[in-house]
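Raw contents of data_7.cif, mmCIF, C-alpha atoms:
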data_entry
loop_
_atom_site.group_PDB
_atom_site.id
_atom_site.type_symbol
_atom_site.label_atom_id
_atom_site.label_comp_id
_atom_site.auth_asym_id
_atom_site.auth_seq_id
_atom_site.Cartn_x
_atom_site.Cartn_y
_atom_site.Cartn_z
ATOM 1 C CA MET A 1 -6.695 -19.227 26.649
ATOM 2 C CA ASN A 2 -8.849 -16.213 25.773
ATOM 3 C CA ARG A 3 -11.955 -16.112 27.988
ATOM 4 C CA ILE A 4 -14.224 -16.311 24.910
ATOM 5 C CA ASP A 5 -12.594 -19.542 23.712
ATOM 6 C CA ALA A 6 -12.718 -20.983 27.221
ATOM 7 C CA LEU A 7 -16.413 -20.106 27.554
ATOM 8 C CA PHE A 8 -17.539 -21.778 24.347
ATOM 9 C CA THR A 9 -15.353 -24.816 24.949
ATOM 10 C CA ARG A 10 -16.961 -25.276 28.355
ATOM 11 C CA LEU A 11 -20.530 -24.661 27.178
ATOM 12 C CA LYS A 12 -20.146 -27.050 24.254
ATOM 13 C CA ALA A 13 -19.004 -29.786 26.616
ATOM 14 C CA GLU A 14 -22.026 -29.076 28.835
ATOM 15 C CA GLY A 15 -24.501 -28.929 25.933
ATOM 16 C CA ARG A 16 -25.450 -25.356 26.820
ATOM 17 C CA ARG A 17 -25.774 -22.012 25.046
ATOM 18 C CA ALA A 18 -24.336 -18.608 25.958
ATOM 19 C CA LEU A 19 -26.547 -15.730 27.061
ATOM 20 C CA MET A 20 -24.940 -12.497 25.903
ATOM 21 C CA PRO A 21 -26.580 -9.253 27.043
ATOM 22 C CA PHE A 22 -25.661 -5.887 25.536
ATOM 23 C CA ILE A 23 -25.547 -2.711 27.605
ATOM 24 C CA THR A 24 -24.495 0.818 26.737
ATOM 25 C CA ALA A 25 -21.540 1.985 28.799
ATOM 26 C CA GLY A 26 -22.451 5.074 30.800
ATOM 27 C CA ASP A 27 -26.239 4.874 30.503
ATOM 28 C CA PRO A 28 -27.357 6.374 32.789
ATOM 29 C CA ASP A 29 -23.838 6.534 34.313
ATOM 30 C CA LEU A 30 -20.745 4.362 34.631
ATOM 31 C CA ALA A 31 -21.422 3.516 38.268
ATOM 32 C CA THR A 32 -24.707 1.931 37.200
ATOM 33 C CA THR A 33 -22.941 0.146 34.345
ATOM 34 C CA ALA A 34 -20.525 -1.456 36.817
ATOM 35 C CA VAL A 35 -23.296 -2.536 39.193
ATOM 36 C CA LEU A 36 -25.351 -3.819 36.273
ATOM 37 C CA ILE A 37 -22.507 -5.985 34.964
ATOM 38 C CA HIS A 38 -22.231 -7.620 38.396
ATOM 39 C CA GLU A 39 -25.990 -8.200 38.383
ATOM 40 C CA LEU A 40 -26.086 -9.645 34.867
ATOM 41 C CA VAL A 41 -23.279 -12.089 35.618
ATOM 42 C CA GLY A 42 -24.986 -13.097 38.836
ATOM 43 C CA ARG A 43 -28.253 -13.725 36.967
ATOM 44 C CA GLY A 44 -26.758 -16.056 34.375
ATOM 45 C CA ALA A 45 -25.136 -13.926 31.671
ATOM 46 C CA ASN A 46 -22.163 -15.716 30.094
ATOM 47 C CA LEU A 47 -20.641 -12.847 28.100
ATOM 48 C CA ILE A 48 -21.181 -9.089 28.332
ATOM 49 C CA GLU A 49 -21.261 -6.904 25.229
ATOM 50 C CA VAL A 50 -20.417 -3.304 26.141
ATOM 51 C CA GLY A 51 -21.529 -0.611 23.717
ATOM 52 C CA ILE A 52 -19.135 2.311 23.313
ATOM 53 C CA PRO A 53 -21.373 5.405 22.868
ATOM 54 C CA TYR A 54 -21.165 6.897 19.388
ATOM 55 C CA SER A 55 -22.910 9.950 17.951
ATOM 56 C CA ASP A 56 -23.819 8.309 14.626
ATOM 57 C CA PRO A 57 -24.734 4.654 15.238
ATOM 58 C CA ILE A 58 -24.455 2.430 12.185
ATOM 59 C CA ALA A 59 -27.008 -0.348 12.622
ATOM 60 C CA ASP A 60 -28.606 0.568 15.918
ATOM 61 C CA GLY A 61 -32.306 1.245 16.185
ATOM 62 C CA PRO A 62 -33.873 4.114 18.128
ATOM 63 C CA VAL A 63 -33.610 2.447 21.550
ATOM 64 C CA ILE A 64 -29.841 1.947 21.498
ATOM 65 C CA ALA A 65 -29.235 5.183 19.580
ATOM 66 C CA ALA A 66 -31.082 7.069 22.339
ATOM 67 C CA SER A 67 -28.987 5.348 24.997
ATOM 68 C CA TYR A 68 -25.798 6.397 23.216
ATOM 69 C CA HIS A 69 -27.106 9.965 23.095
ATOM 70 C CA ARG A 70 -27.870 9.934 26.829
ATOM 71 C CA ALA A 71 -24.382 8.630 27.656
ATOM 72 C CA LEU A 72 -22.673 11.197 25.426
ATOM 73 C CA GLN A 73 -24.721 13.977 27.011
ATOM 74 C CA HIS A 74 -23.226 12.892 30.328
ATOM 75 C CA GLY A 75 -19.723 13.323 28.920
ATOM 76 C CA ILE A 76 -18.803 9.629 28.662
ATOM 77 C CA LYS A 77 -15.480 9.044 26.890
ATOM 78 C CA VAL A 78 -13.748 5.860 25.760
ATOM 79 C CA SER A 79 -11.064 6.315 28.419
ATOM 80 C CA HIS A 80 -13.760 6.471 31.128
ATOM 81 C CA VAL A 81 -15.283 3.208 29.880
ATOM 82 C CA PHE A 82 -11.929 1.444 29.870
ATOM 83 C CA GLN A 83 -11.160 2.638 33.398
ATOM 84 C CA THR A 84 -14.509 1.303 34.638
ATOM 85 C CA LEU A 85 -13.806 -2.091 33.061
ATOM 86 C CA ARG A 86 -10.257 -2.097 34.401
ATOM 87 C CA THR A 87 -11.610 -1.559 37.912
ATOM 88 C CA LEU A 88 -14.180 -4.328 37.442
ATOM 89 C CA ARG A 89 -11.474 -6.775 36.436
ATOM 90 C CA ALA A 90 -9.313 -5.780 39.393
ATOM 91 C CA GLU A 91 -11.944 -5.462 42.102
ATOM 92 C CA GLY A 92 -14.998 -7.369 40.891
ATOM 93 C CA SER A 93 -16.207 -10.754 42.040
ATOM 94 C CA ASP A 94 -14.504 -13.930 40.843
ATOM 95 C CA ALA A 95 -17.397 -14.492 38.443
ATOM 96 C CA VAL A 96 -17.081 -11.000 36.959
ATOM 97 C CA ARG A 97 -13.334 -11.390 36.536
ATOM 98 C CA ALA A 98 -13.902 -14.690 34.706
ATOM 99 C CA THR A 99 -16.711 -13.508 32.414
ATOM 100 C CA PRO A 100 -15.748 -12.524 28.854
ATOM 101 C CA MET A 101 -16.484 -8.938 27.835
ATOM 102 C CA VAL A 102 -16.336 -7.437 24.358
ATOM 103 C CA SER A 103 -16.804 -3.906 23.076
ATOM 104 C CA MET A 104 -19.239 -2.939 20.333
ATOM 105 C CA VAL A 105 -17.434 0.016 18.794
ATOM 106 C CA SER A 106 -17.497 2.052 15.599
ATOM 107 C CA TYR A 107 -14.310 2.019 13.570
ATOM 108 C CA SER A 108 -14.519 5.808 13.581
ATOM 109 C CA ILE A 109 -13.773 5.719 17.305
ATOM 110 C CA ILE A 110 -10.905 3.257 16.865
ATOM 111 C CA HIS A 111 -9.448 5.441 14.104
ATOM 112 C CA ARG A 112 -9.774 8.597 16.201
ATOM 113 C CA VAL A 113 -8.129 7.032 19.247
ATOM 114 C CA GLY A 114 -5.565 5.225 17.087
ATOM 115 C CA VAL A 115 -5.676 1.503 16.290
ATOM 116 C CA GLU A 116 -2.651 0.553 18.368
ATOM 117 C CA ARG A 117 -3.726 2.631 21.347
ATOM 118 C CA TYR A 118 -7.336 1.395 21.244
ATOM 119 C CA LEU A 119 -6.278 -2.236 21.147
ATOM 120 C CA ASN A 120 -3.658 -1.780 23.869
ATOM 121 C CA ASP A 121 -6.136 0.024 26.119
ATOM 122 C CA ALA A 122 -8.858 -2.558 25.426
ATOM 123 C CA ALA A 123 -6.536 -5.403 26.349
ATOM 124 C CA THR A 124 -5.307 -3.762 29.557
ATOM 125 C CA ALA A 125 -8.904 -2.913 30.500
ATOM 126 C CA GLY A 126 -9.702 -6.631 30.475
ATOM 127 C CA LEU A 127 -11.702 -6.825 27.284
ATOM 128 C CA ASP A 128 -11.569 -10.085 25.359
ATOM 129 C CA GLY A 129 -12.641 -8.896 21.931
ATOM 130 C CA LEU A 130 -14.290 -6.241 19.835
ATOM 131 C CA ILE A 131 -17.196 -6.015 17.415
ATOM 132 C CA VAL A 132 -16.807 -3.331 14.739
ATOM 133 C CA PRO A 133 -20.074 -3.175 12.767
ATOM 134 C CA ASP A 134 -18.887 -0.588 10.219
ATOM 135 C CA LEU A 135 -15.622 -2.337 9.314
ATOM 136 C CA PRO A 136 -15.777 -3.904 5.810
ATOM 137 C CA VAL A 137 -14.290 -7.370 5.571
ATOM 138 C CA GLU A 138 -11.903 -6.092 2.911
ATOM 139 C CA GLU A 139 -10.298 -3.852 5.530
ATOM 140 C CA SER A 140 -10.493 -6.188 8.512
ATOM 141 C CA GLU A 141 -7.464 -8.432 8.128
ATOM 142 C CA SER A 142 -4.960 -5.905 9.502
ATOM 143 C CA LEU A 143 -7.129 -5.154 12.524
ATOM 144 C CA GLN A 144 -7.686 -8.859 13.151
ATOM 145 C CA GLU A 145 -3.945 -9.552 13.104
ATOM 146 C CA LYS A 146 -3.180 -6.663 15.468
ATOM 147 C CA ALA A 147 -5.988 -7.709 17.814
ATOM 148 C CA THR A 148 -4.744 -11.308 17.848
ATOM 149 C CA LEU A 149 -1.278 -10.156 18.889
ATOM 150 C CA ARG A 150 -2.896 -8.667 22.003
ATOM 151 C CA GLY A 151 -5.054 -11.678 22.791
ATOM 152 C CA LEU A 152 -8.206 -9.979 21.507
ATOM 153 C CA LYS A 153 -10.838 -11.507 19.241
ATOM 154 C CA LEU A 154 -12.287 -9.652 16.250
ATOM 155 C CA ILE A 155 -15.940 -10.681 16.080
ATOM 156 C CA GLN A 156 -17.524 -9.908 12.719
ATOM 157 C CA LEU A 157 -21.131 -9.726 11.559
ATOM 158 C CA ILE A 158 -22.899 -11.745 8.887
ATOM 159 C CA THR A 159 -26.418 -10.719 7.867
ATOM 160 C CA PRO A 160 -29.262 -12.455 5.991
ATOM 161 C CA THR A 161 -28.398 -10.377 2.911
ATOM 162 C CA THR A 162 -24.656 -11.153 2.959
ATOM 163 C CA PRO A 163 -23.768 -13.051 -0.262
ATOM 164 C CA ARG A 164 -22.591 -16.541 0.579
ATOM 165 C CA ASP A 165 -19.114 -16.142 -0.882
ATOM 166 C CA ARG A 166 -18.691 -12.987 1.187
ATOM 167 C CA ALA A 167 -20.032 -14.749 4.300
ATOM 168 C CA VAL A 168 -17.344 -17.417 3.894
ATOM 169 C CA GLU A 169 -14.656 -14.719 3.667
ATOM 170 C CA ILE A 170 -16.026 -12.942 6.761
ATOM 171 C CA ALA A 171 -15.981 -16.205 8.684
ATOM 172 C CA ARG A 172 -12.359 -16.801 7.630
ATOM 173 C CA LEU A 173 -11.301 -13.446 9.071
ATOM 174 C CA THR A 174 -13.361 -13.732 12.254
ATOM 175 C CA THR A 175 -12.040 -14.914 15.609
ATOM 176 C CA GLY A 176 -13.911 -15.738 18.828
ATOM 177 C CA PHE A 177 -17.401 -16.180 17.411
ATOM 178 C CA ILE A 178 -19.533 -15.083 14.488
ATOM 179 C CA TYR A 179 -22.248 -12.516 15.198
ATOM 180 C CA TYR A 180 -25.136 -13.595 12.989
ATOM 181 C CA VAL A 181 -27.648 -10.796 12.474
ATOM 182 C CA SER A 182 -31.077 -12.401 12.551
ATOM 183 C CA VAL A 183 -32.935 -9.747 10.547
ATOM 184 C CA ALA A 184 -32.056 -7.253 7.848
ATOM 185 C CA GLY A 185 -32.173 -3.704 9.175
ATOM 186 C CA ILE A 186 -31.469 -2.124 12.527
ATOM 187 C CA THR A 187 -31.425 -3.397 16.093
ATOM 188 C CA GLY A 188 -34.670 -3.601 18.039
ATOM 189 C CA GLU A 189 -37.109 -6.064 19.513
ATOM 190 C CA ARG A 190 -39.229 -8.078 17.048
ATOM 191 C CA LYS A 191 -42.435 -9.979 17.662
ATOM 192 C CA ALA A 192 -41.411 -12.624 15.138
ATOM 193 C CA LEU A 193 -38.110 -13.721 13.619
ATOM 194 C CA PRO A 194 -37.562 -14.674 9.947
ATOM 195 C CA ALA A 195 -38.730 -18.112 8.874
ATOM 196 C CA ASP A 196 -35.447 -18.853 7.097
ATOM 197 C CA LEU A 197 -33.240 -17.893 10.067
ATOM 198 C CA LYS A 198 -32.573 -21.451 11.173
ATOM 199 C CA ASP A 199 -31.751 -22.604 7.638
ATOM 200 C CA ASN A 200 -29.327 -19.699 7.142
ATOM 201 C CA VAL A 201 -27.508 -20.500 10.382
ATOM 202 C CA ALA A 202 -27.442 -24.212 9.519
ATOM 203 C CA TRP A 203 -25.736 -23.418 6.189
ATOM 204 C CA LEU A 204 -23.233 -21.110 7.873
ATOM 205 C CA ARG A 205 -22.335 -23.864 10.317
ATOM 206 C CA THR A 206 -21.173 -26.012 7.382
ATOM 207 C CA GLN A 207 -18.675 -23.271 6.478
ATOM 208 C CA THR A 208 -16.963 -22.635 9.819
ATOM 209 C CA ASP A 209 -16.019 -24.229 13.125
ATOM 210 C CA LEU A 210 -16.508 -20.954 15.011
ATOM 211 C CA PRO A 211 -19.391 -20.587 17.466
ATOM 212 C CA ILE A 212 -22.354 -18.800 15.865
ATOM 213 C CA CYS A 213 -24.250 -16.353 18.042
ATOM 214 C CA ILE A 214 -27.501 -14.725 16.967
ATOM 215 C CA GLY A 215 -28.429 -11.120 17.680
ATOM 216 C CA PHE A 216 -30.862 -8.359 16.597
ATOM 217 C CA GLY A 217 -34.552 -8.742 17.360
ATOM 218 C CA ILE A 218 -34.281 -11.144 20.311
ATOM 219 C CA GLY A 219 -36.105 -9.822 23.336
ATOM 220 C CA ALA A 220 -38.190 -12.527 24.990
ATOM 221 C CA PRO A 221 -37.665 -15.900 26.687
ATOM 222 C CA ASP A 222 -39.703 -17.748 24.051
ATOM 223 C CA GLN A 223 -37.431 -16.413 21.285
ATOM 224 C CA VAL A 224 -34.351 -17.485 23.233
ATOM 225 C CA ARG A 225 -35.890 -20.929 23.693
ATOM 226 C CA GLN A 226 -36.788 -21.135 19.995
ATOM 227 C CA LEU A 227 -33.275 -20.305 18.774
ATOM 228 C CA ALA A 228 -31.247 -22.219 21.352
ATOM 229 C CA PRO A 229 -31.130 -25.446 19.288
ATOM 230 C CA VAL A 230 -29.426 -23.735 16.332
ATOM 231 C CA ALA A 231 -27.212 -21.114 18.032
ATOM 232 C CA ASP A 232 -24.167 -21.269 20.272
ATOM 233 C CA GLY A 233 -25.191 -17.996 21.901
ATOM 234 C CA LEU A 234 -28.038 -15.476 21.960
ATOM 235 C CA ILE A 235 -27.429 -11.727 22.102
ATOM 236 C CA VAL A 236 -30.072 -9.515 23.714
ATOM 237 C CA GLY A 237 -29.676 -5.744 23.582
ATOM 238 C CA SER A 238 -32.611 -3.423 22.923
ATOM 239 C CA ALA A 239 -34.891 -5.202 25.390
ATOM 240 C CA LEU A 240 -32.407 -4.425 28.194
ATOM 241 C CA VAL A 241 -31.517 -0.924 27.052
ATOM 242 C CA ARG A 242 -35.194 -0.015 26.723
ATOM 243 C CA ARG A 243 -35.702 -0.824 30.375
ATOM 244 C CA LEU A 244 -32.893 1.560 31.285
ATOM 245 C CA GLY A 245 -34.436 4.295 29.161
ATOM 246 C CA ASP A 246 -37.852 3.781 30.758
ATOM 247 C CA ALA A 247 -36.458 3.946 34.294
ATOM 248 C CA VAL A 248 -36.904 7.667 34.830
ATOM 249 C CA ASN A 249 -36.874 8.854 38.466
ATOM 250 C CA ARG A 250 -36.235 5.369 39.804
ATOM 251 C CA SER A 251 -33.424 4.299 42.071
ATOM 252 C CA ARG A 252 -30.391 2.449 40.772
ATOM 253 C CA SER A 253 -31.256 -0.604 42.853
ATOM 254 C CA GLU A 254 -34.763 -0.777 41.371
ATOM 255 C CA ILE A 255 -33.472 -0.470 37.808
ATOM 256 C CA VAL A 256 -30.754 -3.066 38.298
ATOM 257 C CA LYS A 257 -33.138 -5.526 39.933
ATOM 258 C CA GLU A 258 -35.701 -5.207 37.141
ATOM 259 C CA ILE A 259 -33.103 -5.838 34.457
ATOM 260 C CA GLY A 260 -31.573 -8.631 36.520
ATOM 261 C CA ASP A 261 -34.969 -10.319 36.837
ATOM 262 C CA PHE A 262 -35.429 -10.120 33.062
ATOM 263 C CA VAL A 263 -31.990 -11.584 32.353
ATOM 264 C CA GLY A 264 -32.716 -14.326 34.882
ATOM 265 C CA GLU A 265 -35.813 -15.260 32.850
ATOM 266 C CA LEU A 266 -33.751 -15.389 29.652
ATOM 267 C CA ALA A 267 -31.100 -17.516 31.342
ATOM 268 C CA ALA A 268 -33.748 -19.939 32.604
ATOM 269 C CA ALA A 269 -35.124 -20.271 29.062
ATOM 270 C CA LEU A 270 -31.662 -21.355 27.874
ATOM 271 C CA GLU A 271 -31.233 -24.108 30.454
ATOM 272 C CA PRO A 272 -31.396 -27.590 28.897
ATOM 273 C CA LYS A 273 -34.585 -29.417 29.763
ATOM 274 C CA ALA A 274 -34.218 -32.485 31.945
ATOM 275 C CA SER A 275 -34.793 -35.697 30.015
#

Just give me the structure of the file as structure tokens.
Amino acid sequence: MNRIDALFTRLKAEGRRALMPFITAGDPDLATTAVLIHELVGRGANLIEVGIPYSDPIADGPVIAASYHRALQHGIKVSHVFQTLRTLRAEGSDAVRATPMVSMVSYSIIHRVGVERYLNDAATAGLDGLIVPDLPVEESESLQEKATLRGLKLIQLITPTTPRDRAVEIARLTTGFIYYVSVAGITGERKALPADLKDNVAWLRTQTDLPICIGFGIGAPDQVRQLAPVADGLIVGSALVRRLGDAVNRSRSEIVKEIGDFVGELAAALEPKAS
């Protein structure tokens, strides 16, 4: 069973939600990325979303776009990211080896590398799926079929402005889980989330049996706590990446601990309350 399917099957049985942090591969370097993944898993992360640096981010706000720029300035390439993940799967802790990981990647990168090669390399690196934010649903079926042949999930995005008939079609061609974008626009922390978010997710749940995970704008324990009743997972990105960007002239251990502490707070907010 794919690690993503196994995760959501287990969490559903336990009445729990997945915490899914996003980090940019290679920011500030791949050694830190590897240490950070160990830390996040140890602090309660259930799935790791790994951003593949891209020079022209599609839906990413200034925080993640800046992290991509920093990684690219350091010469990070897709092959370097895959080798880091391959090593983590081979040499990491039991928990790291068992934790699902997916790549957030532009289709431009997949096209440049070659679809077959990207998927083969992703699978052998130990990834469990991919999120391709700039892939239209009309062009996704072929990629989904090829990914499935390699045991990979194709996680697709549905936004608040997606027409409902289109949302149903996206859900049909999605595997693993649906990434529900909480707000229209780009990634980034928000002080408040849309009032109709819960209703939109509730409607989507009537259209699919897939887990629905909410991302964009989530950056605080109270938001995680607020959305836990309606989501199967919560994705937190900019709030983590911002901490990396702010950590100038600090040691790796200090940076990793600070981010680990933050993820620990988010994980605690997701724990079911004792009756």

Expansion of the PyMOL selection byres ((chain A and resi 204-208) around 8) into residues, as a list of chain:residue names: A:Ala167, A:Val168, A:Ala171, A:Arg172, A:Asn200, A:Val201, A:Ala202, A:Trp203, A:Asp209, A:Leu210, A:Ile212

Name the residues that the PyMOL selection byres ((chain A and resi 123) around 10) pulls out of this structure, and write them as a list of chain:residue names.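 Residues picked by the PyMOL selection byres ((chain A and resi 123) around 10): A:Phe82, A:Arg86, A:Arg117, A:Tyr118, A:Leu119, A:Asn120, A:Asp121, A:Ala122, A:Thr124, A:Ala125, A:Gly126, A:Leu127, A:Asp128, A:Gly129, A:Ala147, A:Arg150, A:Gly151, A:Leu152.
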
Reference answer for the PyMOL selection byres ((chain A and resi 233) around 8), as a list of chain:residue names: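 So the PyMOL selection byres ((chain A and resi 233) around 8) ends up selecting A:Arg17, A:Ala18, A:Leu19, A:Met20, A:Pro211, A:Ile212, A:Cys213, A:Ile214, A:Ala228, A:Ala231, A:Asp232, A:Leu234, A:Ile235.
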
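With atom CA of Leu11 of chain A on one side and atom CA of Ala25 of chain A on the other, the separation reads 26.7 Å.
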
What are the closest atom pairs, with distances in Å to one decimal, for all residues of segment 15-65 of chain A lying within 10 Å of segment 253-267 of chain A? Consider only C-alpha atoms, order rows by chain and residue number, and present the result as CSV.
residue,atom,partner,partner_atom,distance
A:Arg17,CA,A:Ala267,CA,9.4
A:Ala18,CA,A:Ala267,CA,8.7
A:Leu19,CA,A:Ala267,CA,6.5
A:Met20,CA,A:Val263,CA,9.6
A:Pro21,CA,A:Val263,CA,7.9
A:Thr32,CA,A:Val256,CA,7.9
A:Thr33,CA,A:Val256,CA,9.3
A:Val35,CA,A:Val256,CA,7.5
A:Leu36,CA,A:Val256,CA,5.8
A:Ile37,CA,A:Val256,CA,9.4
A:His38,CA,A:Gly260,CA,9.6
A:Glu39,CA,A:Gly260,CA,5.9
A:Leu40,CA,A:Gly260,CA,5.8
A:Val41,CA,A:Gly260,CA,9.0
A:Gly42,CA,A:Gly260,CA,8.3
A:Arg43,CA,A:Gly264,CA,5.0
A:Gly44,CA,A:Ala267,CA,5.5
A:Ala45,CA,A:Ala267,CA,7.0
A:Asn46,CA,A:Ala267,CA,9.2

Got a sec: who's within 8 Å of segment 243-245 of chain A, counting all atoms listed in the file, leaving out chain neighbours fewer than 4 positions off, as JSON, numbers by chain? {"A": [27, 28, 63, 67, 239, 255, 259]}

Give me the residues near segment 158-161 of chain A as a count of residues only, where near means some atom within 8 Å (using only C-alpha atoms) and where sequence neighbours in that chain fewer than 3 positions away do not count. 11

Atom pair atom CA of Leu130 of chain A / atom CA of Leu154 of chain A: separation (Å):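 Rounded to one decimal, the two atoms are 5.3 Å apart.
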
One decimal, in Å: what's the spacing between atom CA of Arg10 of chain A and atom CA of Leu270 of chain A?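 It comes out at 15.2 Å.
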
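Comparing A:Thr162, A:Ser103, A:Gln226, A:Ser108 by their smallest distance to Thr24 of chain A, the closest is A:Ser103 (using all atoms listed in the file).
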
Is there a way to get, as a VMD selection string, all residues within 9 Å of the point (-13.7, -5.1, 14.9) in file coordinates, counting only C-alpha atoms? chain A and resid 103 to 107 129 to 135 140 143 to 144 147 153 to 156

Find the residue from A:Asp56, A:Asn2, A:Gly75, A:Gln223 that sits nearest to Thr175 of chain A; use all atoms listed in the file when measuring.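 For Thr175 of chain A, the nearest of the candidates is A:Asn2.
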